[in-house]
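**Student:** A single structure is presented below for examination.
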Amino acid sequence: MTLVIHTEMSQLLKAWPPCVYRQNFRKLLNRDIFFCRSCSILRYSSKPKEDQLVRLAEIPVNEIKEPPIIFSRGEKKVISRDSKSSAATQLEILSAGLKRRQLQLYVEKWFKDHGFTSSSSSKVEFKTFGEAATIQNGNKRKRKKMDKKKKHDQNIMVESSHKKDSVFQEDESKKAQTKKDTVEVKHKQDIKQQKSKDEKKPKVADKATKIDSKAKSTVSLDNNEDLLSYMIGCIMGGMTHHAHSVLMQCTVNPVIEISNPQVFNCVLLGWARKGNKKMMNELLKQMKKLKIGHSYDTFAAQLLVIGSQKTHKPEEIQDILQQMDKQNLDMKCLIQESEYLTPKDVPTLLKVIQSVDPEYSHISNAQHTTQLYSMPLLQDFNEPLSEDVPNPFFQVISPAKFEENFQKQLTYEEAGSVCMESTYYTKHTRKEEKTLKTKEELKEQFRKRMTSALKSSLRKSHQNENSDVTKLWPYLKALRTHQYVDIMMKEIEILEEKEYGLGFRKKEIGRAVVNEIQKKYFKENGHLDLQKIVYKEYVEMILNERNIKGCHREIWQSICMKHAGTNTIFPDFTFSDQILYSIGKYLYNILKYNLDIQINKKDGTVSNEPVLNFSSRVRRNEDGFLTFVSINPRLKKYKIHSQLISEQAFYPMIVPPVPWQSKQLGGFITYNSDLIRCLDEKQMELKYLEKYPENSLHPVMDSLNILGTCGWKINTKMLDVVLELFRENAGAFLDLPPAKHTLQKPVFPLQETKELEKQYAQEVEELKKRKADLWTVFYNLKKQRAETHSLWCHLHRTLTIADSLRDEVIWFPHSLDFRGRCYPFMPHLNYHGDDVRRSLFQFANGKPLGEKGLDWLKIHLINLTGFAKRSSNKERLHLANTLMSDIMDSADNPLKGGKWWQTSDEPFQTLAACIEVTAAMRSKDPTQFVSYFPTHQDGSCNGLQHYAALGRDQAGAESVNLSPFTHPQDVYSDVVDLVEKIRQRDAEEGLEIAQKLDGLIKRKTIKQTVMTSVYGVTMYGAKLQIHKQISTLPQESLVSDLHLPASVYLARCTFKALEEMFSSARSIQNWFTLIAQGLAKDCKMPTQWVMPMGIPVIQPYMKEASDKKLTTSYTIEELMKLKVDSRKQRNGFPPNYIHSIDASHMMLTSLEMNRAGLTFASVHDCYWTHANDVDLMNKLCRKQFVALHSQPLLETLSSDFLNYIKKYQREHPKLDKKHEASVQNLKELVSSVPEKGTFDLNKVLESEYFFS
């Protein structure tokens, strides 16, 4: 096998011995004198008769015996070290100093890194430095293009001070040209032969050339964030030389102004671990030249490199420590504050420091200090916890079971996926076994092709160093080839399940690569072992201590301090979505151009079809197309239906999650996650947090940790009932989607169309109308069938995951959306789902019902049925006792009894409550019955509650139960009554549609519209919501032709009724809308505010050129300069602000519940706890609502907006008169805070039905 090595100058430095003039060479390189893309190596060979340089086309590795030199044409001898003058001579002297063994090791390492062995059959072709170039006389260097076809390849012309033999030059040029022509002819013949072979072969050969042209990533190191990510990637991948070369290039030919010292620090630490002090000094000089200040990591690297030397001087260490002191950096905090130190670095660093300060210890010096909450709203939570607060999750899992699950969780995270047995397809047939065998053979074939293509592509990208693929080398060369192939094989398995957006999958496969690199780095440098030690001790404290010792974040940080002297174990590495997308794009092109399957056609011919299908569809409300990727339908016959594969990130954890410590540290054990789930690839929400101190996120992270630490169990009785209905396809009337094969397959109405054409041959318009109606019915049936199948697949996966975890305690790590709302990581099985999914959960920790627990269970059951919306709790309890026979029958015979539970609004949750109530009633002592059942308290149209509290609206507050009443108020029924009055008035005036709707307006008709009115629903949206309810009416009640006019009419009536009932809410909503519109149009900025919990919020609705999406990485400053989407900013601000307020209320309640030692879970404005704790939760919930709205929320919002406007005016002092007037009007609008009503907020504390 023959290879061509093109090496960069920085790569040649690996083999340079220290005794040679390395600094001189580096200076030449930095001055761009010898900035050539590839250097070539010649071997000096002594022959019997003459002494000359001979170019050898092929040199076996084991025959390299003499030092090579870099050849400058015209010289016949190796120039001695005494020679002076030209730069070419200096370069030759440097190259001549290479030692034989070092060169051999370098070449062998190159073979090993690229997947080859250094056997005698492996040969290396060394090409000359100045091939096809000529030397001109003079003292000035010139560059010249070598070939028109290769304009990007440039060689630097070097002039020698010695006289050149012109005859020798002409001979050498002719020889070079002759050889070049011969090579080109041979290359063309090879191409023709290869084309003829490809035409004959049905299989697709290696298409690395195509990949090179198609897969060019657009990663550009044009900002500090990208450059830092690139440096981190290089260090994690062991490419310190490459990182150094790129960084020096960025400093010599600056494209950006490097301001982040961590860009240098990660490379400094890389050199420090190698003990290379000279290269470190070079970087330190550049930092000084660029006036970049030193940080803790900088000094840690300088001390670390001293520790790698055999001997060191105490004076040198003292000098470094004095420099730290001059910069006001405390030596005691060195290890604690260094971000990129690894656990393996710490012993060496300690040894160095202790050589001058024997008493120094990073453990004793590291003191964890509790950081108090700074927000005024949170001052009560700064009080120390009582020592007797019970731990609600005490021993929810035994130590032995935890150890077993801990090893399983590590296995899942290492594999990246979890394989499960299907709950629907349970039989393993012979046909399936045969299919499985064929599938394994096909997978092995795919694996070989991808391995070959990946190696070939990387080799060609390495040779073509102008290729943008080389900018991804840190990520494409950090792992072994089979690891990338494994990731791509998993991607194919994921695509077997369903179709995905191509951009999303590219980002996810890129994330998988980065996670794998991080795992490797963490494992090699001791992070992972230390993380396991800290994690086990953390779980020991939160699950095996009887009393709470503090918040989960502080417990974790204190244990980290104890073992590592730092707050965290894993470094907070950040990688932009643009980098992830670029990696995914490269790997997807490997899949796209190298994987196909052979198809035997009916005519006996064989054709190849790609494994992946790509389809583009028009994106609604946006320009351009959205591309989707799916598996070839012919491969679906190989799908093993009895097995399902879940991505590990979508599978619930079987041990508690790691608590959140920063915006990217928390969640899973072995890799990092993002605190905020971003709306798009720009990650504007995550980057916006960088402007604020990290301690402002602590209250939010503590609330998320409380939700994530709540353990759950699968309600196996409910799971068995749902599975029985699901397997028998008998739950359609309960909104359980049936299997696809049970649905009627729509048949294209070809025959009916022909009959219509005959019947209406003369009536063209009528024929068009009837054809359209016929085809509409067909396509609606087809769409409905596809949607039903999609719902079935989702439920199938959910039930399969639940069945695989039926005997486990599970946990859900949580994250935020940009508005501050909390969601579990896992999208399929979680307690945030619909009625079926919620019914499958119960708390992992049980609690006796006590005196009132059974009563609350009964009230909760009636609440779920929807039978007594306006009844008091006493009346609901009485109703439950009256229906006890039906309740017990439902529990005993859910599928064969009276099936009373199926008449409920929430049937499956009702059945779960029936089973719990029955078990408690039949126990010897219901007060001692240990209940695991989560009991809910739901806000009464929570959005309107917040609007009524913001405006102190008396009438609105009474409608949504902010005021105390003996019976609960139902705002939906109140709106229905008002809409009915409007309808009656219109009917009396002769409006036909109002007359037709007599007796047809029900509570459920307008409920969704009322609920979403505070969240910005438009007239169009309200029309669709009401039309969905009206379309279920029988034909005799309202003909289908009137469904649409009736929907429009009722939507208008509903909005009119809401304006009358909630005048204050409507005025605040209009104020929000006008402000967001003004900020977008007049100040060209997105709407931004700070949640009462302290976390900053920004609406990431920005416009961007479609060709830059996913291919451009932005800083937050650049994102703020993008064009603002004023329509989305205007419509989004009112609902988004209310969402951030209700999220703050939930977080406050969670913190309060934790301080009381109570179990708490939440689905936004629906709070869950044990039945015996409902009274206390309701009290704490009301207390925090009053505390929240006692803050000057609107006034603070107005003040913040005024500051944003003033900042805009300072940055744009020369506005035209019209623009200046608009900005001034906006300031007046922002200053005019809506007036408040007379409602007394303290009445909420007495309202029994505020949450019920």
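By convention here, the chains of the structure tokens are called A, B, ... in the order presented, each chain's residues are numbered starting at 1, and ligands are numbered starting at 1 in the order presented.
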Quick check for you: according to DSSP on this backbone, which residues of stretch 572-812 of chain A are classed as strand (DSSP E or B)? Reply as a tab-separated table (two decimals) with all heavy atoms, in the first residue's frame.

**Tutor:**
chain	number	residue	atom	x	y	z
A	596	ASP	N	-26.25	1.74	-0.04
A	596	ASP	CA	-27.38	1.43	-0.91
A	596	ASP	C	-27.70	-0.05	-0.77
A	596	ASP	O	-26.97	-0.81	-0.14
A	596	ASP	CB	-27.07	1.81	-2.37
A	596	ASP	CG	-25.81	1.14	-2.89
A	596	ASP	OD1	-25.35	0.16	-2.27
A	596	ASP	OD2	-25.27	1.59	-3.91
A	597	ILE	N	-28.84	-0.42	-1.32
A	597	ILE	CA	-29.26	-1.82	-1.29
A	597	ILE	C	-29.60	-2.26	-2.70
A	597	ILE	O	-30.04	-1.46	-3.53
A	597	ILE	CB	-30.48	-2.02	-0.37
A	597	ILE	CG1	-31.61	-1.05	-0.75
A	597	ILE	CG2	-30.11	-1.89	1.08
A	597	ILE	CD1	-32.89	-1.29	0.00
A	598	GLN	N	-29.40	-3.53	-2.96
A	598	GLN	CA	-29.70	-4.09	-4.27
A	598	GLN	C	-31.17	-4.48	-4.33
A	598	GLN	O	-31.69	-5.12	-3.41
A	598	GLN	CB	-28.84	-5.32	-4.55
A	598	GLN	CG	-27.40	-5.00	-4.86
A	598	GLN	CD	-26.62	-6.24	-5.28
A	598	GLN	OE1	-27.17	-7.33	-5.33
A	598	GLN	NE2	-25.35	-6.05	-5.59
A	599	ILE	N	-31.82	-4.07	-5.41
A	599	ILE	CA	-33.24	-4.37	-5.60
A	599	ILE	C	-33.39	-5.23	-6.85
A	599	ILE	O	-32.92	-4.85	-7.94
A	599	ILE	CB	-34.07	-3.08	-5.75
A	599	ILE	CG1	-33.83	-2.16	-4.55
A	599	ILE	CG2	-35.54	-3.41	-5.91
A	599	ILE	CD1	-34.21	-2.76	-3.22
A	600	ASN	N	-34.00	-6.37	-6.70
A	600	ASN	CA	-34.30	-7.24	-7.84
A	600	ASN	C	-35.64	-6.84	-8.43
A	600	ASN	O	-36.68	-6.98	-7.79
A	600	ASN	CB	-34.33	-8.71	-7.39
A	600	ASN	CG	-32.99	-9.18	-6.87
A	600	ASN	OD1	-31.95	-8.84	-7.43
A	600	ASN	ND2	-33.00	-9.95	-5.79
A	606	VAL	N	-31.16	-5.85	-11.90
A	606	VAL	CA	-30.81	-5.46	-10.54
A	606	VAL	C	-30.46	-3.98	-10.53
A	606	VAL	O	-29.73	-3.50	-11.41
A	606	VAL	CB	-29.62	-6.29	-10.02
A	606	VAL	CG1	-29.22	-5.83	-8.63
A	606	VAL	CG2	-29.97	-7.77	-10.01
A	607	SER	N	-30.98	-3.27	-9.57
A	607	SER	CA	-30.66	-1.84	-9.44
A	607	SER	C	-30.31	-1.54	-8.00
A	607	SER	O	-30.65	-2.28	-7.08
A	607	SER	CB	-31.85	-0.98	-9.88
A	607	SER	OG	-32.95	-1.17	-9.00
A	608	ASN	N	-29.62	-0.42	-7.82
A	608	ASN	CA	-29.24	0.02	-6.48
A	608	ASN	C	-30.09	1.21	-6.06
A	608	ASN	O	-30.30	2.14	-6.84
A	608	ASN	CB	-27.77	0.42	-6.45
A	608	ASN	CG	-26.85	-0.77	-6.63
A	608	ASN	OD1	-27.22	-1.89	-6.31
A	608	ASN	ND2	-25.67	-0.53	-7.16
A	609	GLU	N	-30.57	1.17	-4.82
A	609	GLU	CA	-31.33	2.28	-4.27
A	609	GLU	C	-30.67	2.74	-2.98
A	609	GLU	O	-30.17	1.91	-2.21
A	609	GLU	CB	-32.78	1.85	-3.99
A	609	GLU	CG	-33.60	1.62	-5.23
A	609	GLU	CD	-35.07	1.37	-4.91
A	609	GLU	OE1	-35.45	1.50	-3.72
A	609	GLU	OE2	-35.82	1.05	-5.83
A	610	PRO	N	-30.65	4.04	-2.73
A	610	PRO	CA	-30.01	4.54	-1.51
A	610	PRO	C	-30.76	4.07	-0.27
A	610	PRO	O	-31.98	3.89	-0.29
A	610	PRO	CB	-30.07	6.06	-1.67
A	610	PRO	CG	-31.18	6.31	-2.63
A	610	PRO	CD	-31.21	5.13	-3.55
A	612	LEU	N	-31.01	5.85	2.51
A	612	LEU	CA	-31.72	6.99	3.08
A	612	LEU	C	-32.50	7.73	2.00
A	612	LEU	O	-32.00	7.93	0.89
A	612	LEU	CB	-30.75	7.96	3.76
A	612	LEU	CG	-29.90	7.40	4.90
A	612	LEU	CD1	-29.07	8.51	5.52
A	612	LEU	CD2	-30.75	6.72	5.94
A	613	ASN	N	-33.72	8.11	2.35
A	613	ASN	CA	-34.54	8.92	1.45
A	613	ASN	C	-34.63	10.34	2.01
A	613	ASN	O	-34.82	10.53	3.22
A	613	ASN	CB	-35.95	8.34	1.34
A	613	ASN	CG	-35.98	7.07	0.51
A	613	ASN	OD1	-35.02	6.78	-0.21
A	613	ASN	ND2	-37.06	6.32	0.58
A	614	PHE	N	-34.51	11.31	1.13
A	614	PHE	CA	-34.60	12.72	1.52
A	614	PHE	C	-35.74	13.37	0.76
A	614	PHE	O	-35.85	13.25	-0.46
A	614	PHE	CB	-33.28	13.45	1.22
A	614	PHE	CG	-32.10	12.89	1.93
A	614	PHE	CD1	-31.34	11.87	1.37
A	614	PHE	CD2	-31.76	13.34	3.19
A	614	PHE	CE1	-30.25	11.34	2.02
A	614	PHE	CE2	-30.66	12.82	3.86
A	614	PHE	CZ	-29.91	11.82	3.28
A	615	SER	N	-36.60	14.06	1.50
A	615	SER	CA	-37.74	14.75	0.87
A	615	SER	C	-37.83	16.16	1.42
A	615	SER	O	-37.52	16.40	2.59
A	615	SER	CB	-39.04	13.99	1.16
A	615	SER	OG	-39.26	13.89	2.55
A	616	SER	N	-38.24	17.09	0.59
A	616	SER	CA	-38.35	18.49	0.99
A	616	SER	C	-39.80	18.93	0.92
A	616	SER	O	-40.54	18.55	0.02
A	616	SER	CB	-37.51	19.38	0.07
A	616	SER	OG	-36.14	19.05	0.19
A	617	ARG	N	-40.20	19.71	1.91
A	617	ARG	CA	-41.55	20.24	1.95
A	617	ARG	C	-41.50	21.73	2.26
A	617	ARG	O	-40.59	22.19	2.96
A	617	ARG	CB	-42.40	19.53	3.01
A	617	ARG	CG	-42.49	18.04	2.80
A	617	ARG	CD	-43.12	17.37	3.99
A	617	ARG	NE	-42.79	15.95	4.01
A	617	ARG	CZ	-42.93	15.17	5.05
A	617	ARG	NH1	-43.39	15.67	6.16
A	617	ARG	NH2	-42.61	13.90	4.99
A	618	VAL	N	-42.49	22.44	1.81
A	618	VAL	CA	-42.53	23.88	2.06
A	618	VAL	C	-42.83	24.11	3.53
A	618	VAL	O	-43.71	23.49	4.10
A	618	VAL	CB	-43.61	24.55	1.18
A	618	VAL	CG1	-43.67	26.05	1.48
A	618	VAL	CG2	-43.32	24.32	-0.28
A	625	PHE	N	-37.57	25.48	2.15
A	625	PHE	CA	-38.07	24.13	2.35
A	625	PHE	C	-37.45	23.54	3.61
A	625	PHE	O	-36.37	23.92	4.05
A	625	PHE	CB	-37.72	23.24	1.15
A	625	PHE	CG	-38.42	23.65	-0.12
A	625	PHE	CD1	-37.86	24.60	-0.96
A	625	PHE	CD2	-39.62	23.08	-0.48
A	625	PHE	CE1	-38.48	24.98	-2.12
A	625	PHE	CE2	-40.25	23.45	-1.64
A	625	PHE	CZ	-39.68	24.40	-2.47
A	626	LEU	N	-38.16	22.59	4.17
A	626	LEU	CA	-37.65	21.81	5.29
A	626	LEU	C	-37.43	20.40	4.77
A	626	LEU	O	-38.34	19.77	4.24
A	626	LEU	CB	-38.64	21.79	6.45
A	626	LEU	CG	-38.17	21.12	7.73
A	626	LEU	CD1	-36.98	21.87	8.30
A	626	LEU	CD2	-39.30	21.09	8.76
A	627	THR	N	-36.21	19.90	4.92
A	627	THR	CA	-35.86	18.58	4.39
A	627	THR	C	-36.04	17.53	5.48
A	627	THR	O	-35.64	17.74	6.62
A	627	THR	CB	-34.41	18.57	3.89
A	627	THR	OG1	-34.25	19.60	2.92
A	627	THR	CG2	-34.07	17.24	3.27
A	628	PHE	N	-36.64	16.41	5.09
A	628	PHE	CA	-36.85	15.30	5.99
A	628	PHE	C	-36.05	14.10	5.52
A	628	PHE	O	-35.77	13.94	4.33
A	628	PHE	CB	-38.34	14.92	6.06
A	628	PHE	CG	-39.19	15.94	6.74
A	628	PHE	CD1	-39.70	17.03	6.04
A	628	PHE	CD2	-39.48	15.83	8.09
A	628	PHE	CE1	-40.48	17.98	6.68
A	628	PHE	CE2	-40.25	16.78	8.73
A	628	PHE	CZ	-40.76	17.85	8.03
A	629	VAL	N	-35.66	13.25	6.47
A	629	VAL	CA	-34.90	12.05	6.15
A	629	VAL	C	-35.65	10.85	6.73
A	629	VAL	O	-36.20	10.90	7.82
A	629	VAL	CB	-33.46	12.13	6.71
A	629	VAL	CG1	-33.46	12.29	8.22
A	629	VAL	CG2	-32.66	10.91	6.29
A	630	SER	N	-35.65	9.77	5.98
A	630	SER	CA	-36.29	8.54	6.43
A	630	SER	C	-35.54	7.36	5.83
A	630	SER	O	-34.71	7.51	4.93
A	630	SER	CB	-37.77	8.50	6.01
A	630	SER	OG	-37.88	8.56	4.60
A	631	ILE	N	-35.84	6.19	6.32
A	631	ILE	CA	-35.21	4.97	5.82
A	631	ILE	C	-35.91	4.52	4.54
A	631	ILE	O	-37.09	4.82	4.32
A	631	ILE	CB	-35.26	3.87	6.90
A	631	ILE	CG1	-34.15	2.85	6.69
A	631	ILE	CG2	-36.62	3.20	6.92
A	631	ILE	CD1	-32.81	3.32	7.12
A	643	GLN	N	-38.93	-5.81	18.89
A	643	GLN	CA	-37.95	-5.04	19.64
A	643	GLN	C	-38.07	-3.56	19.30
A	643	GLN	O	-38.29	-3.20	18.15
A	643	GLN	CB	-36.52	-5.51	19.33
A	643	GLN	CG	-36.18	-6.86	19.90
A	643	GLN	CD	-34.73	-7.24	19.64
A	643	GLN	OE1	-34.04	-6.57	18.87
A	643	GLN	NE2	-34.27	-8.30	20.27
A	644	LEU	N	-37.93	-2.73	20.31
A	644	LEU	CA	-37.89	-1.28	20.12
A	644	LEU	C	-36.60	-0.76	20.72
A	644	LEU	O	-36.15	-1.26	21.76
A	644	LEU	CB	-39.08	-0.60	20.79
A	644	LEU	CG	-40.43	-0.67	20.08
A	644	LEU	CD1	-41.46	0.11	20.88
A	644	LEU	CD2	-40.35	-0.12	18.68
A	645	ILE	N	-36.02	0.22	20.08
A	645	ILE	CA	-34.79	0.84	20.58
A	645	ILE	C	-35.08	2.29	20.92
A	645	ILE	O	-35.60	3.05	20.09
A	645	ILE	CB	-33.66	0.74	19.54
A	645	ILE	CG1	-33.30	-0.72	19.30
A	645	ILE	CG2	-32.44	1.51	20.00
A	645	ILE	CD1	-32.28	-0.94	18.22
A	646	SER	N	-34.77	2.66	22.14
A	646	SER	CA	-34.96	4.04	22.59
A	646	SER	C	-33.60	4.71	22.76
A	646	SER	O	-32.66	4.10	23.27
A	646	SER	CB	-35.72	4.06	23.92
A	646	SER	OG	-35.73	5.36	24.48
A	647	GLU	N	-33.51	5.95	22.34
A	647	GLU	CA	-32.30	6.73	22.65
A	647	GLU	C	-32.18	6.87	24.16
A	647	GLU	O	-33.18	7.10	24.85
A	647	GLU	CB	-32.37	8.10	21.98
A	647	GLU	CG	-32.30	8.07	20.47
A	647	GLU	CD	-32.29	9.45	19.87
A	647	GLU	OE1	-31.31	10.18	20.10
A	647	GLU	OE2	-33.25	9.80	19.17
A	653	MET	N	-34.37	7.84	33.85
A	653	MET	CA	-33.23	7.39	34.64
A	653	MET	C	-33.69	6.43	35.73
A	653	MET	O	-34.77	6.61	36.30
A	653	MET	CB	-32.50	8.59	35.25
A	653	MET	CG	-31.86	9.51	34.24
A	653	MET	SD	-30.87	10.82	35.01
A	653	MET	CE	-29.48	9.88	35.66
A	658	VAL	N	-28.06	13.91	38.31
A	658	VAL	CA	-27.08	14.83	38.88
A	658	VAL	C	-27.74	16.21	38.99
A	658	VAL	O	-28.38	16.67	38.03
A	658	VAL	CB	-25.82	14.90	37.99
A	658	VAL	CG1	-24.86	15.98	38.49
A	658	VAL	CG2	-25.13	13.55	37.94
A	659	PRO	N	-27.65	16.89	40.14
A	659	PRO	CA	-28.32	18.19	40.28
A	659	PRO	C	-27.70	19.25	39.38
A	659	PRO	O	-26.51	19.20	39.06
A	659	PRO	CB	-28.12	18.52	41.76
A	659	PRO	CG	-26.89	17.78	42.15
A	659	PRO	CD	-26.90	16.51	41.34
A	660	TRP	N	-28.50	20.23	39.00
A	660	TRP	CA	-28.00	21.34	38.18
A	660	TRP	C	-27.05	22.20	39.01
A	660	TRP	O	-27.37	22.59	40.13
A	660	TRP	CB	-29.16	22.18	37.66
A	660	TRP	CG	-29.95	21.52	36.59
A	660	TRP	CD1	-31.19	20.95	36.71
A	660	TRP	CD2	-29.56	21.33	35.23
A	660	TRP	NE1	-31.59	20.42	35.50
A	660	TRP	CE2	-30.61	20.64	34.58
A	660	TRP	CE3	-28.42	21.67	34.50
A	660	TRP	CZ2	-30.56	20.29	33.23
A	660	TRP	CZ3	-28.37	21.32	33.16
A	660	TRP	CH2	-29.42	20.65	32.54
A	661	GLN	N	-25.89	22.52	38.42
A	661	GLN	CA	-24.92	23.39	39.08
A	661	GLN	C	-24.62	24.62	38.23
A	661	GLN	O	-24.17	25.64	38.73
A	661	GLN	CB	-23.62	22.64	39.31
A	661	GLN	CG	-23.80	21.29	39.98
A	661	GLN	CD	-23.02	20.19	39.27
A	661	GLN	OE1	-21.82	20.30	39.13
A	661	GLN	NE2	-23.68	19.14	38.82
A	662	SER	N	-24.82	24.52	36.92
A	662	SER	CA	-24.64	25.66	36.03
A	662	SER	C	-25.52	25.41	34.81
A	662	SER	O	-26.26	24.43	34.75
A	662	SER	CB	-23.18	25.84	35.62
A	662	SER	OG	-22.79	24.84	34.71
A	665	LEU	N	-24.33	21.98	33.34
A	665	LEU	CA	-23.86	20.91	34.22
A	665	LEU	C	-25.02	20.40	35.04
A	665	LEU	O	-25.48	21.06	35.97
A	665	LEU	CB	-22.74	21.42	35.14
A	665	LEU	CG	-21.40	21.75	34.47
A	665	LEU	CD1	-20.42	22.29	35.50
A	665	LEU	CD2	-20.82	20.54	33.78
A	666	GLY	N	-25.50	19.22	34.68
A	666	GLY	CA	-26.60	18.60	35.40
A	666	GLY	C	-27.29	17.57	34.52
A	666	GLY	O	-27.04	17.49	33.32
A	667	GLY	N	-28.13	16.76	35.13
A	667	GLY	CA	-28.88	15.77	34.36
A	667	GLY	C	-28.27	14.38	34.47
A	667	GLY	O	-28.33	13.74	35.52
A	676	ILE	N	-31.39	25.04	29.37
A	676	ILE	CA	-32.51	25.60	28.62
A	676	ILE	C	-32.61	24.91	27.27
A	676	ILE	O	-31.62	24.78	26.55
A	676	ILE	CB	-32.33	27.12	28.42
A	676	ILE	CG1	-32.41	27.83	29.78
A	676	ILE	CG2	-33.37	27.68	27.48
A	676	ILE	CD1	-32.33	29.33	29.70
A	712	TRP	N	-40.43	8.10	41.06
A	712	TRP	CA	-41.71	7.62	40.56
A	712	TRP	C	-41.68	6.11	40.40
A	712	TRP	O	-40.63	5.50	40.23
A	712	TRP	CB	-42.05	8.26	39.21
A	712	TRP	CG	-42.15	9.74	39.23
A	712	TRP	CD1	-41.13	10.64	39.06
A	712	TRP	CD2	-43.32	10.52	39.47
A	712	TRP	NE1	-41.59	11.91	39.16
A	712	TRP	CE2	-42.93	11.89	39.42
A	712	TRP	CE3	-44.66	10.20	39.73
A	712	TRP	CZ2	-43.84	12.92	39.60
A	712	TRP	CZ3	-45.57	11.24	39.91
A	712	TRP	CH2	-45.15	12.58	39.84
A	713	LYS	N	-42.88	5.52	40.42
A	713	LYS	CA	-43.06	4.12	40.08
A	713	LYS	C	-44.19	4.01	39.05
A	713	LYS	O	-45.07	4.87	38.99
A	713	LYS	CB	-43.43	3.29	41.32
A	713	LYS	CG	-42.28	2.98	42.25
A	713	LYS	CD	-42.75	2.09	43.40
A	713	LYS	CE	-41.60	1.73	44.33
A	713	LYS	NZ	-42.07	0.90	45.48
A	714	ILE	N	-44.12	2.95	38.27
A	714	ILE	CA	-45.20	2.69	37.32
A	714	ILE	C	-46.36	2.04	38.07
A	714	ILE	O	-46.18	1.09	38.84
A	714	ILE	CB	-44.72	1.77	36.18
A	714	ILE	CG1	-43.58	2.42	35.41
A	714	ILE	CG2	-45.86	1.42	35.24
A	714	ILE	CD1	-43.94	3.71	34.71
A	809	VAL	N	-37.80	2.01	40.27
A	809	VAL	CA	-38.00	3.41	40.66
A	809	VAL	C	-37.32	4.26	39.60
A	809	VAL	O	-36.18	3.99	39.22
A	809	VAL	CB	-37.40	3.69	42.05
A	809	VAL	CG1	-37.58	5.17	42.41
A	809	VAL	CG2	-38.04	2.81	43.10
A	810	ILE	N	-38.02	5.26	39.10
A	810	ILE	CA	-37.48	6.06	37.99
A	810	ILE	C	-37.49	7.54	38.36
A	810	ILE	O	-38.23	7.99	39.23
A	810	ILE	CB	-38.27	5.83	36.68
A	810	ILE	CG1	-39.75	6.16	36.87
A	810	ILE	CG2	-38.10	4.41	36.19
A	810	ILE	CD1	-40.58	6.01	35.62
A	811	TRP	N	-36.62	8.27	37.67
A	811	TRP	CA	-36.49	9.71	37.89
A	811	TRP	C	-36.47	10.43	36.55
A	811	TRP	O	-36.05	9.88	35.52
A	811	TRP	CB	-35.20	10.03	38.64
A	811	TRP	CG	-35.22	9.69	40.09
A	811	TRP	CD1	-35.52	10.53	41.12
A	811	TRP	CD2	-34.90	8.43	40.69
A	811	TRP	NE1	-35.41	9.87	42.33
A	811	TRP	CE2	-35.04	8.58	42.09
A	811	TRP	CE3	-34.53	7.19	40.19
A	811	TRP	CZ2	-34.81	7.54	42.99
A	811	TRP	CZ3	-34.30	6.15	41.08
A	811	TRP	CH2	-34.45	6.32	42.46

**Student:** Which residues are near A:Phe264? Cut-off 12 Å, only C-alpha atoms, ignore same chain within fewer than 2 positions. Put them as an MDAnalysis selection string.

**Tutor:** chainID A and resid 224 227:232 235 240 243:248 250:251 258:262 266:271 279:288 290 292:295 297:299 301 340

**Student:** Could you pull out the helix (DSSP H, G or I) residues of stretch 463-520 of chain A, going by DSSP on the backbone, and write them as a ChimeraX atom specification?

**Tutor:** /A:463,468-476,481-495,502-520

**Student:** Between atom CA of A:Pro693 and atom CA of A:Ser1199, what is the spacing in Å?

**Tutor:**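 Spanning atom CA of A:Ser1199 to atom CA of A:Pro693 is a straight-line distance of 20.5 Å.
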
**Student:** Can you list, as a ChimeraX atom specification, every protein, DNA or RNA residue that comes within 12 Å of A:Glu440 when you count only C-alpha atoms, leaving out same-chain residues fewer than 6 positions away?

**Tutor:** /A:433-434,446-447,489,638-640
